[in-house]
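Below is one structure, written out as structure tokens; the observations come after it.
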Amino acid sequence: MEARVRIDPGGVELSPRAGETVFQAALRAGLTWPTICYGQARCTACALRVIDGHPATDPPGPEEQGVLRQLAQRRRGSVRNIRLACRLTVTGQVTVEKKGVKPTDEGSPHVQQPVDESSSP
């Protein structure tokens, strides 16, 4: 099955390559993705919520698990269904929620500063 990621609320779709993260696939597709650390798994600005297709997501590795634990402490709650786009790889059809993802304007960088998402990733 081909890996496909739908990003809501924008309705953008990606086809990540084998082993490619959602963040890398978005940049390759010419999309902006909120980030500060540019894929180093430090800032959590790339965090997204997996809405559908959980079985098609690869499990988080130790580095991502540690960052998600820190995120849960800062948010004082569960980060269930939250993943880092810079670490998430998929093997099938997945739908995620991430505000601030959009096509890149001609001549501008492929990353942007995070939007205020205090209620959701």
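Numbering starts fresh at 1 for the residues of each chain in the structure tokens, the chains themselves are lettered A, B, ... in the order given, and ligands are numbered from 1 as they appear.
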
- [ ] Can you pull out every residue within 10 Å of A:Ala25, counting only C-alpha atoms, but drop anything in the same chain fewer than 6 positions away, and send it as an MDAnalysis selection string?
- [x] chainID A and resid 5 14:17 31 85:86 89

- [ ] Skip A:Gln40 itself and residues of its chain fewer than 2 positions away, then list as number ranges by chain all residues within 12 Å of it, counting only C-alpha atoms.
- [x] A: 21, 23-24, 35-38, 42-46, 63-64, 67, 84-87

- [ ] Would you return as a PyMOL selection string the members of stretch 37-110 of chain A that DSSP assigns to alpha helix (DSSP H) on this structure's backbone?
- [x] chain A and resi 62-75

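Atom CA of A:Pro103 sits 27.9 Å away from atom CA of A:Arg80.
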
Open item on the list: Could you list, as a ChimeraX atom specification, every residue within 10 Å of A:Val94, counting only C-alpha atoms and ignoring same-chain residues fewer than 6 positions away?
Closed with: /A:3-7,13-14,50-57

Would you output that residue set with C-alpha atoms, as a PDB file, in the first residue's frame?
```
ATOM      1  CA  ALA A   3       1.958   5.816   2.013  1.00  0.00           C
ATOM      2  CA  ARG A   4      -0.411   8.807   1.929  1.00  0.00           C
ATOM      3  CA  VAL A   5      -0.870  11.573   4.481  1.00  0.00           C
ATOM      4  CA  ARG A   6      -3.798  13.974   4.461  1.00  0.00           C
ATOM      5  CA  ILE A   7      -3.153  17.122   6.485  1.00  0.00           C
ATOM      6  CA  GLU A  13      -2.060  15.395   0.678  1.00  0.00           C
ATOM      7  CA  LEU A  14       1.470  13.989   0.682  1.00  0.00           C
ATOM      8  CA  VAL A  50      -2.946  11.713  14.236  1.00  0.00           C
ATOM      9  CA  ILE A  51      -6.682  11.632  13.518  1.00  0.00           C
ATOM     10  CA  ASP A  52      -7.020   8.430  11.502  1.00  0.00           C
ATOM     11  CA  GLY A  53      -4.791   5.614  10.322  1.00  0.00           C
ATOM     12  CA  HIS A  54      -2.892   4.910  13.549  1.00  0.00           C
ATOM     13  CA  PRO A  55      -1.959   1.360  12.422  1.00  0.00           C
ATOM     14  CA  ALA A  56      -0.122   2.851   9.415  1.00  0.00           C
ATOM     15  CA  THR A  57       2.200   4.947  11.604  1.00  0.00           C
TER      16      THR A  57
END
```
